[in-house]
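Structure first, then comments.
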Amino acid sequence: MLLKQAGYRKDRKIVPYLFTSLMWCGGALIFLIFLGLIFELFWQGKQAFSVFGFHFITSTDWNPGEQQFSAGAALVGTLVSSCIGVVLALPLSFGCAYCLNELMPQRFSKYITASIQLLAAIPSIILGMWGFFILVPLMSQYVQPFLKNLFGNVPYIELLFSGGTYGIGILTAGLILAIMITPFITAIMQESFANTPVMLKESAYSLGATRWEVMHQVIVPWVQKGVVGGVVLGWGRALGETMAVTFVIGNAHHASWSLFMPSNTIASLIALEFSESAAGSLKMSSLMALGAVLMVISFVVLFCSQLLLKQVLKSR
């Protein structure tokens, strides 16, 4: 009996130790993989950084024949298309999440929620093909001509809607990105809405508050953290999207003020040029440097979101 008790006490010491050790190893492994990825990108891209210097970020030249490479055009395309995607997806996601949690009966909302989640599972290449065959013709025939006629004579704004209405371009890429990231943002917002205490909403209604006042003064302050988290997740997804954007953005190595003009993103440029780049070449090093730039952009977005989240929590 004493031996059994001694063995039991020994197991009680060993099992927690093994559990803690495995958890530490798991966390350290993820951190090491992350550091290894960063190191590999910058190490493989050091040739491009040493040859072009800071000019690699600011220039828009991309001419493999003359060994001229830069990240300027792809950087602009990445930031503009992802921002358009987030701006379009945010109100749509908020409306979907609010409707599913607050307005729609539960017996219907669960099926629509499943449909939205299914949309997130569609491969990006399928969305890219759909965008090329369906969305691009609609943009060229209806949306872009309408926007050009509406804003074509407005000072300064006309620059954003100038050029040919071919259907492809940064605006179309942003619309595809909005469709792709809406399910992710909606899921996080919906979870935040579901966690809002019912007592707070019922108290506001009992005091005579309207549905708008409850949403604006009770629900939104409570779910601000979830909204910021959803936007960050969606923005990160949009920054790294490859195939869907490649189909509709036009893949042109230049930057333009017009949202109708073809451009490219860092991810689409790497996907198109990687297979044609020889190992150890300046072009391959430039592509790896592009990957490092994309990682830096993701860090900046995450850092800014954390600052914004701290300000939101302080204001509460």
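Residues in the structure tokens are named by chain (A, B, ... in the order shown) and by number from 1 within that chain; ligands are numbered from 1 in the order shown.
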Interface rows for segment 8-121 of chain A against segment 242-258 of chain A: nearest pair, Å to one decimal, 8 Å, only C-alpha atoms, as CSV:
residue,atom,partner,partner_atom,distance
A:Thr60,CA,A:His254,CA,6.1
A:Asp61,CA,A:His253,CA,7.3
A:Trp62,CA,A:His253,CA,6.2
A:Gly72,CA,A:Ala255,CA,7.7
A:Ala73,CA,A:Ala255,CA,4.8
A:Ala74,CA,A:His253,CA,7.3
A:Val76,CA,A:Ala255,CA,6.8
A:Gly77,CA,A:Ala255,CA,7.3
Written selection (all heavy atoms) as a PDB file, in the first residue's frame:
ATOM      1  N   THR A  60      10.282  51.864 -58.694  1.00  0.00           N
ATOM      2  CA  THR A  60       9.233  51.034 -59.300  1.00  0.00           C
ATOM      3  C   THR A  60       9.757  50.249 -60.500  1.00  0.00           C
ATOM      4  O   THR A  60       8.971  49.698 -61.268  1.00  0.00           O
ATOM      5  CB  THR A  60       8.053  51.911 -59.745  1.00  0.00           C
ATOM      6  OG1 THR A  60       8.499  52.896 -60.686  1.00  0.00           O
ATOM      7  CG2 THR A  60       7.414  52.610 -58.545  1.00  0.00           C
ATOM      8  N   ASP A  61      11.060  50.195 -60.678  1.00  0.00           N
ATOM      9  CA  ASP A  61      11.646  49.496 -61.829  1.00  0.00           C
ATOM     10  C   ASP A  61      11.644  47.991 -61.596  1.00  0.00           C
ATOM     11  O   ASP A  61      11.994  47.512 -60.515  1.00  0.00           O
ATOM     12  CB  ASP A  61      13.086  49.963 -62.071  1.00  0.00           C
ATOM     13  CG  ASP A  61      13.158  51.437 -62.424  1.00  0.00           C
ATOM     14  OD1 ASP A  61      12.188  51.937 -63.022  1.00  0.00           O
ATOM     15  OD2 ASP A  61      14.171  52.083 -62.090  1.00  0.00           O
ATOM     16  N   TRP A  62      11.257  47.254 -62.625  1.00  0.00           N
ATOM     17  CA  TRP A  62      11.360  45.796 -62.604  1.00  0.00           C
ATOM     18  C   TRP A  62      11.651  45.333 -64.033  1.00  0.00           C
ATOM     19  O   TRP A  62      10.750  45.174 -64.848  1.00  0.00           O
ATOM     20  CB  TRP A  62      10.081  45.152 -62.073  1.00  0.00           C
ATOM     21  CG  TRP A  62      10.218  43.668 -61.866  1.00  0.00           C
ATOM     22  CD1 TRP A  62      10.037  42.689 -62.800  1.00  0.00           C
ATOM     23  CD2 TRP A  62      10.591  43.006 -60.654  1.00  0.00           C
ATOM     24  NE1 TRP A  62      10.265  41.455 -62.263  1.00  0.00           N
ATOM     25  CE2 TRP A  62      10.608  41.614 -60.942  1.00  0.00           C
ATOM     26  CE3 TRP A  62      10.898  43.443 -59.379  1.00  0.00           C
ATOM     27  CZ2 TRP A  62      10.916  40.670 -59.973  1.00  0.00           C
ATOM     28  CZ3 TRP A  62      11.222  42.490 -58.416  1.00  0.00           C
ATOM     29  CH2 TRP A  62      11.226  41.126 -58.715  1.00  0.00           C
ATOM     30  N   GLY A  72       8.819  48.834 -55.205  1.00  0.00           N
ATOM     31  CA  GLY A  72       7.925  49.974 -55.110  1.00  0.00           C
ATOM     32  C   GLY A  72       6.540  49.726 -55.666  1.00  0.00           C
ATOM     33  O   GLY A  72       5.530  49.947 -54.985  1.00  0.00           O
ATOM     34  N   ALA A  73       6.463  49.265 -56.918  1.00  0.00           N
ATOM     35  CA  ALA A  73       5.158  49.063 -57.551  1.00  0.00           C
ATOM     36  C   ALA A  73       4.355  47.982 -56.836  1.00  0.00           C
ATOM     37  O   ALA A  73       3.155  48.144 -56.576  1.00  0.00           O
ATOM     38  CB  ALA A  73       5.358  48.700 -59.026  1.00  0.00           C
ATOM     39  N   ALA A  74       5.010  46.875 -56.522  1.00  0.00           N
ATOM     40  CA  ALA A  74       4.311  45.788 -55.820  1.00  0.00           C
ATOM     41  C   ALA A  74       3.897  46.204 -54.420  1.00  0.00           C
ATOM     42  O   ALA A  74       2.832  45.798 -53.922  1.00  0.00           O
ATOM     43  CB  ALA A  74       5.199  44.549 -55.762  1.00  0.00           C
ATOM     44  N   VAL A  76       3.063  49.287 -53.435  1.00  0.00           N
ATOM     45  CA  VAL A  76       1.879  50.147 -53.567  1.00  0.00           C
ATOM     46  C   VAL A  76       0.640  49.302 -53.874  1.00  0.00           C
ATOM     47  O   VAL A  76      -0.430  49.497 -53.285  1.00  0.00           O
ATOM     48  CB  VAL A  76       2.108  51.200 -54.663  1.00  0.00           C
ATOM     49  CG1 VAL A  76       0.820  51.968 -54.957  1.00  0.00           C
ATOM     50  CG2 VAL A  76       3.213  52.156 -54.259  1.00  0.00           C
ATOM     51  N   GLY A  77       0.774  48.358 -54.797  1.00  0.00           N
ATOM     52  CA  GLY A  77      -0.355  47.501 -55.132  1.00  0.00           C
ATOM     53  C   GLY A  77      -0.834  46.684 -53.954  1.00  0.00           C
ATOM     54  O   GLY A  77      -2.041  46.506 -53.760  1.00  0.00           O
TER      55      GLY A  77
END
Residue contacts of Glu241 of chain A (12 Å, only C-alpha atoms) excluding same-chain residues fewer than 5 positions away, as JSON, numbers by chain: {"A": [78, 79, 81, 82, 85, 123, 124, 125, 127, 128, 173, 174, 176, 177, 178, 180, 181, 234, 235, 236, 246, 247, 249, 264, 265, 266, 267, 268, 269, 270, 271, 294]}
Take the residues from that selection and write them out as a JSON list (two decimals), in the first residue's frame, keeping N, CA and C atoms.
[["chain", "number", "residue", "atom", "x", "y", "z"],
["A", 78, "THR", "N", 0.10, 46.20, -53.14],
["A", 78, "THR", "CA", -0.28, 45.41, -51.96],
["A", 78, "THR", "C", -1.04, 46.24, -50.95],
["A", 79, "LEU", "N", -0.52, 47.42, -50.64],
["A", 79, "LEU", "CA", -1.15, 48.25, -49.63],
["A", 79, "LEU", "C", -2.51, 48.77, -50.09],
["A", 81, "SER", "N", -4.59, 47.64, -52.57],
["A", 81, "SER", "CA", -5.61, 46.60, -52.76],
["A", 81, "SER", "C", -6.08, 46.03, -51.44],
["A", 82, "SER", "N", -5.18, 45.83, -50.49],
["A", 82, "SER", "CA", -5.59, 45.29, -49.18],
["A", 82, "SER", "C", -6.42, 46.31, -48.41],
["A", 85, "GLY", "N", -9.84, 46.24, -49.85],
["A", 85, "GLY", "CA", -10.53, 45.05, -49.39],
["A", 85, "GLY", "C", -11.07, 45.19, -47.98],
["A", 123, "PRO", "N", -11.24, 27.60, -52.21],
["A", 123, "PRO", "CA", -9.84, 27.87, -52.56],
["A", 123, "PRO", "C", -9.71, 29.21, -53.28],
["A", 124, "SER", "N", -8.61, 29.88, -53.03],
["A", 124, "SER", "CA", -8.42, 31.21, -53.62],
["A", 124, "SER", "C", -8.33, 31.16, -55.14],
["A", 125, "ILE", "N", -7.80, 30.06, -55.67],
["A", 125, "ILE", "CA", -7.70, 29.97, -57.13],
["A", 125, "ILE", "C", -9.08, 29.88, -57.78],
["A", 127, "LEU", "N", -11.81, 31.35, -56.54],
["A", 127, "LEU", "CA", -12.30, 32.72, -56.50],
["A", 127, "LEU", "C", -11.62, 33.57, -57.57],
["A", 128, "GLY", "N", -10.35, 33.30, -57.81],
["A", 128, "GLY", "CA", -9.66, 34.03, -58.86],
["A", 128, "GLY", "C", -10.24, 33.74, -60.24],
["A", 173, "ALA", "N", -9.08, 43.86, -57.75],
["A", 173, "ALA", "CA", -8.36, 43.04, -56.79],
["A", 173, "ALA", "C", -8.83, 43.30, -55.37],
["A", 174, "GLY", "N", -9.08, 44.58, -55.04],
["A", 174, "GLY", "CA", -9.60, 44.90, -53.72],
["A", 174, "GLY", "C", -10.97, 44.31, -53.47],
["A", 176, "ILE", "N", -12.15, 41.51, -54.85],
["A", 176, "ILE", "CA", -11.94, 40.07, -54.63],
["A", 176, "ILE", "C", -11.45, 39.82, -53.21],
["A", 177, "LEU", "N", -10.52, 40.66, -52.75],
["A", 177, "LEU", "CA", -10.02, 40.50, -51.39],
["A", 177, "LEU", "C", -11.12, 40.72, -50.36],
["A", 178, "ALA", "N", -12.00, 41.68, -50.62],
["A", 178, "ALA", "CA", -13.12, 41.91, -49.70],
["A", 178, "ALA", "C", -14.01, 40.68, -49.60],
["A", 180, "MET", "N", -13.06, 37.65, -50.04],
["A", 180, "MET", "CA", -12.32, 36.57, -49.38],
["A", 180, "MET", "C", -12.22, 36.76, -47.88],
["A", 181, "ILE", "N", -12.05, 37.99, -47.42],
["A", 181, "ILE", "CA", -11.81, 38.20, -45.99],
["A", 181, "ILE", "C", -13.09, 38.45, -45.21],
["A", 234, "GLY", "N", -8.34, 39.92, -41.05],
["A", 234, "GLY", "CA", -8.69, 40.08, -42.45],
["A", 234, "GLY", "C", -7.63, 40.81, -43.24],
["A", 235, "TRP", "N", -7.04, 41.84, -42.65],
["A", 235, "TRP", "CA", -6.00, 42.60, -43.33],
["A", 235, "TRP", "C", -4.77, 41.73, -43.57],
["A", 236, "GLY", "N", -4.39, 40.95, -42.57],
["A", 236, "GLY", "CA", -3.27, 40.04, -42.76],
["A", 236, "GLY", "C", -3.53, 39.02, -43.85],
["A", 246, "THR", "N", -3.83, 37.50, -58.45],
["A", 246, "THR", "CA", -3.08, 37.35, -59.70],
["A", 246, "THR", "C", -4.01, 37.30, -60.91],
["A", 247, "PHE", "N", -5.18, 36.71, -60.76],
["A", 247, "PHE", "CA", -6.11, 36.58, -61.88],
["A", 247, "PHE", "C", -6.70, 37.91, -62.32],
["A", 249, "ILE", "N", -5.67, 41.40, -61.16],
["A", 249, "ILE", "CA", -4.99, 42.67, -60.96],
["A", 249, "ILE", "C", -4.25, 43.14, -62.20],
["A", 264, "ASN", "N", 0.41, 45.03, -59.62],
["A", 264, "ASN", "CA", 0.66, 43.73, -59.00],
["A", 264, "ASN", "C", 0.85, 43.91, -57.51],
["A", 265, "THR", "N", 0.90, 42.82, -56.80],
["A", 265, "THR", "CA", 1.19, 42.82, -55.37],
["A", 265, "THR", "C", 2.45, 42.01, -55.13],
["A", 266, "ILE", "N", 2.96, 42.12, -53.93],
["A", 266, "ILE", "CA", 4.18, 41.37, -53.61],
["A", 266, "ILE", "C", 3.96, 39.88, -53.74],
["A", 267, "ALA", "N", 2.85, 39.41, -53.20],
["A", 267, "ALA", "CA", 2.58, 37.97, -53.25],
["A", 267, "ALA", "C", 2.38, 37.48, -54.68],
["A", 268, "SER", "N", 1.63, 38.23, -55.49],
["A", 268, "SER", "CA", 1.39, 37.80, -56.87],
["A", 268, "SER", "C", 2.67, 37.86, -57.69],
["A", 269, "LEU", "N", 3.50, 38.86, -57.44],
["A", 269, "LEU", "CA", 4.78, 38.96, -58.17],
["A", 269, "LEU", "C", 5.70, 37.79, -57.85],
["A", 270, "ILE", "N", 5.76, 37.43, -56.58],
["A", 270, "ILE", "CA", 6.60, 36.28, -56.20],
["A", 270, "ILE", "C", 6.07, 35.00, -56.84],
["A", 271, "ALA", "N", 4.75, 34.82, -56.84],
["A", 271, "ALA", "CA", 4.17, 33.61, -57.42],
["A", 271, "ALA", "C", 4.44, 33.51, -58.92],
["A", 294, "LEU", "N", 7.30, 42.05, -47.23],
["A", 294, "LEU", "CA", 5.93, 41.70, -46.88],
["A", 294, "LEU", "C", 5.81, 41.32, -45.42]]
All residues 8 Å or closer to Phe161 of chain A, only C-alpha atoms, same chain fewer than 5 positions away omitted, as a PyMOL selection string: chain A and resi 144+147-148+151-152+258-260
Would you write out those residues with C-alpha atoms, as a PDB file, in the first residue's frame?
ATOM      1  CA  GLN A 144     -15.895  51.118 -63.910  1.00  0.00           C
ATOM      2  CA  LEU A 147     -17.485  55.333 -61.465  1.00  0.00           C
ATOM      3  CA  LYS A 148     -15.659  57.116 -64.269  1.00  0.00           C
ATOM      4  CA  PHE A 151     -16.076  61.021 -60.493  1.00  0.00           C
ATOM      5  CA  GLY A 152     -14.398  61.730 -63.827  1.00  0.00           C
ATOM      6  CA  SER A 258      -5.722  55.148 -61.133  1.00  0.00           C
ATOM      7  CA  LEU A 259      -7.553  52.254 -59.499  1.00  0.00           C
ATOM      8  CA  PHE A 260      -8.472  50.996 -62.969  1.00  0.00           C
TER       9      PHE A 260
END
Neighbour list for Ala292 of chain A as a count of residues only, cut-off 12 Å, only C-alpha atoms, skip fewer than 2 positions in-chain: 30
Sel. of helix (DSSP H, G or I) residues, segment 56-184 of chain A, as JSON, numbers by chain: {"A": [56, 57, 58, 64, 65, 66, 72, 73, 74, 75, 76, 77, 78, 79, 80, 81, 82, 83, 84, 85, 86, 87, 88, 89, 90, 91, 92, 93, 94, 95, 96, 97, 98, 99, 100, 101, 102, 103, 106, 107, 108, 109, 110, 111, 112, 113, 114, 115, 116, 117, 118, 119, 120, 124, 125, 126, 127, 128, 129, 130, 131, 132, 133, 134, 135, 136, 137, 138, 139, 140, 141, 142, 143, 144, 145, 146, 147, 148, 149, 150, 151, 157, 158, 159, 160, 161, 170, 171, 172, 173, 174, 175, 176, 177, 178, 179, 180, 181, 182, 183, 184]}
Length of the atom CA of Met215 of chain A to atom CA of Leu307 of chain A vector [Å]: 24.6 Å
Distance of atom CA of Phe193 of chain A from atom CA of Ile219 of chain A, expressed in Å to one decimal place: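 So the answer is 7.1 Å.
One distance worth recording is that between atom CA of Gly229 of chain A and atom CA of Ile185 of chain A, which is 8.2 Å.
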From A:Ala97, A:Val136, A:Ala278, A:Leu90, residue lying nearest Ile188 of chain A [only C-alpha atoms]: A:Ala97
Option closest in space to Leu100 of chain A, from A:Leu233, A:Ala187, A:Met284, A:Ile134 [counting only C-alpha atoms]: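 Closest candidate: A:Ala187.
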Non-local contacts of segment 225-227 of chain A (7 Å; only C-alpha atoms; under 4 positions in same chain excluded) as a PyMOL selection string: chain A and resi 188-189+192+231+309
Deliver the residues from the most recent selection as a file, using N, CA, C and O atoms, as a compact mmCIF listing (two decimals), in the first residue's frame.
# COMPACT_ATOMS: atom_id res chain seq x y z
N ILE A 188 -15.36 36.42 -36.43
CA ILE A 188 -14.85 36.98 -35.18
C ILE A 188 -15.85 37.98 -34.59
O ILE A 188 -16.10 37.99 -33.38
N MET A 189 -16.44 38.83 -35.45
CA MET A 189 -17.43 39.78 -34.96
C MET A 189 -18.66 39.07 -34.42
O MET A 189 -19.23 39.48 -33.39
N SER A 192 -17.98 37.89 -31.04
CA SER A 192 -17.98 39.01 -30.09
C SER A 192 -19.40 39.46 -29.76
O SER A 192 -19.72 39.74 -28.60
N VAL A 231 -10.52 42.84 -37.99
CA VAL A 231 -9.91 43.65 -39.05
C VAL A 231 -8.45 43.26 -39.25
O VAL A 231 -7.98 43.15 -40.39
N LEU A 309 -5.68 49.06 -30.29
CA LEU A 309 -6.44 48.32 -29.29
C LEU A 309 -6.21 48.86 -27.89
O LEU A 309 -7.14 48.95 -27.08
